[in-house]
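Have a look at the structure below before the remarks.
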Amino acid sequence: MTYPPLKKLVIVLKQYLLEKKLNEVFYGGISSYSLILMVISFLQLHSRIDARYANCNLAILLIEFFEFYGCQFNYLKTAISIKGDGTYISRDKAVTDFPPSILCIEDPLTPGNDIGRGCYGVMNVKQAFEQAYITMNQISNPLTNIHYTHTKTILGKIINAMENGD
């Protein structure tokens, strides 16, 4: 199955993690491959069927991704598998050659390989996702009293991508 929102979500998430210095495993972040598998899993198992279509609301998906991996996903008990239709499994049932890591992601290409094994700073990634969710949720919620300047978009509140080559 293809996931049209995948590429755009991964690009935004990679930029966000880059700005938080959490985009490299060597420094405690997560790899691009781990992030891609997390997004695929999120899209596979999302309760709204429109999450799999090109005309879905990417902003809502991004907020929901941040909410899920920042607030709801239990890193200490759950492993990610995208095999078949995807599933979340108990970490102790994950098929890995080593004890499961905090971010346990079964490699769909190499059985026994835990893709998240090297991500020793995954709880910092979780915290960054949680903070992004809180920020985006507050700004996009019309019931909050948060005022922001109109010079930045909602996405611009969490990502400081340069415009026009500046």
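Ordering of the structure tokens sets the chain letters (A, B, ...); residue numbers start at 1 within each chain; ligands are numbered from 1 in the order shown.
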
Q. Where does DSSP see alpha helix (DSSP H) in chain A, if you list the residues as an NGL selection string?
A. :A and (5-19 or 32-45 or 58-67 or 122-140)

Deliver the residues from the most recent selection as a file, using C-alpha atoms, as a short mmCIF file (atom, residue, chain, number, x, y, z; two decimals), in the first residue's frame.
data_model
loop_
_atom_site.label_atom_id
_atom_site.label_comp_id
_atom_site.auth_asym_id
_atom_site.auth_seq_id
_atom_site.Cartn_x
_atom_site.Cartn_y
_atom_site.Cartn_z
CA PRO A 5 1.14 11.85 3.07
CA LEU A 6 4.32 9.93 4.00
CA LYS A 7 6.88 12.03 2.13
CA LYS A 8 5.56 15.40 3.30
CA LEU A 9 5.19 14.29 6.91
CA VAL A 10 8.71 12.86 6.97
CA ILE A 11 10.20 16.05 5.49
CA VAL A 12 8.52 18.24 8.11
CA LEU A 13 9.44 15.85 10.93
CA LYS A 14 13.08 15.63 9.75
CA GLN A 15 13.31 19.43 9.71
CA TYR A 16 11.79 19.61 13.18
CA LEU A 17 14.21 17.00 14.54
CA LEU A 18 17.15 18.73 12.81
CA GLU A 19 16.32 21.99 14.59
CA SER A 32 15.63 8.71 8.99
CA TYR A 33 14.79 5.03 8.57
CA SER A 34 13.34 4.85 12.10
CA LEU A 35 11.31 7.99 11.48
CA ILE A 36 9.99 6.69 8.16
CA LEU A 37 8.92 3.42 9.81
CA MET A 38 7.24 5.33 12.65
CA VAL A 39 5.28 7.43 10.14
CA ILE A 40 4.32 4.36 8.08
CA SER A 41 3.13 2.62 11.25
CA PHE A 42 1.18 5.72 12.27
CA LEU A 43 -0.54 5.89 8.86
CA GLN A 44 -1.20 2.12 8.77
CA LEU A 45 -2.89 2.09 12.15
CA LEU A 58 -1.61 17.15 6.61
CA ALA A 59 -1.68 19.65 9.48
CA ILE A 60 -4.11 17.48 11.43
CA LEU A 61 -2.02 14.38 10.70
CA LEU A 62 1.11 16.15 11.92
CA ILE A 63 -0.58 17.24 15.16
CA GLU A 64 -1.93 13.72 15.65
CA PHE A 65 1.51 12.22 14.99
CA PHE A 66 3.03 14.50 17.64
CA GLU A 67 0.22 13.62 20.03
CA VAL A 122 14.60 8.47 22.33
CA MET A 123 13.00 9.98 25.43
CA ASN A 124 14.33 13.37 24.29
CA VAL A 125 12.65 12.74 20.92
CA LYS A 126 9.43 11.81 22.74
CA GLN A 127 9.65 15.02 24.76
CA ALA A 128 10.22 17.09 21.59
CA PHE A 129 7.17 15.49 19.97
CA GLU A 130 5.11 16.20 23.09
CA GLN A 131 6.20 19.85 23.13
CA ALA A 132 5.36 20.24 19.44
CA TYR A 133 1.92 18.74 20.08
CA ILE A 134 1.23 21.09 22.98
CA THR A 135 2.39 24.13 21.01
CA MET A 136 0.47 23.30 17.83
CA ASN A 137 -2.64 22.30 19.75
CA GLN A 138 -2.70 25.53 21.75
CA ILE A 139 -2.17 27.73 18.72
CA SER A 140 -4.71 25.95 16.53
#

Q: Using DSSP on the backbone coordinates, identify all residues within stretch 3-134 of chain A classified as strand (DSSP E or B); present the result as a list in words.
A: Thr78, Ala79, Ile80, Ser81, Thr87, Tyr88, Ile89, Ser90, Thr96, Cys104, Ile105, Glu106, Gly112 and Asp114 of chain A

(Q) Restricting the calculation to only C-alpha atoms: of A:Asp92, A:Phe98, A:Pro4, A:Gly116, which residue gets closest to A:Asp50? (A)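 Counting only C-alpha atoms, the residue closest to A:Asp50 is A:Pro4.
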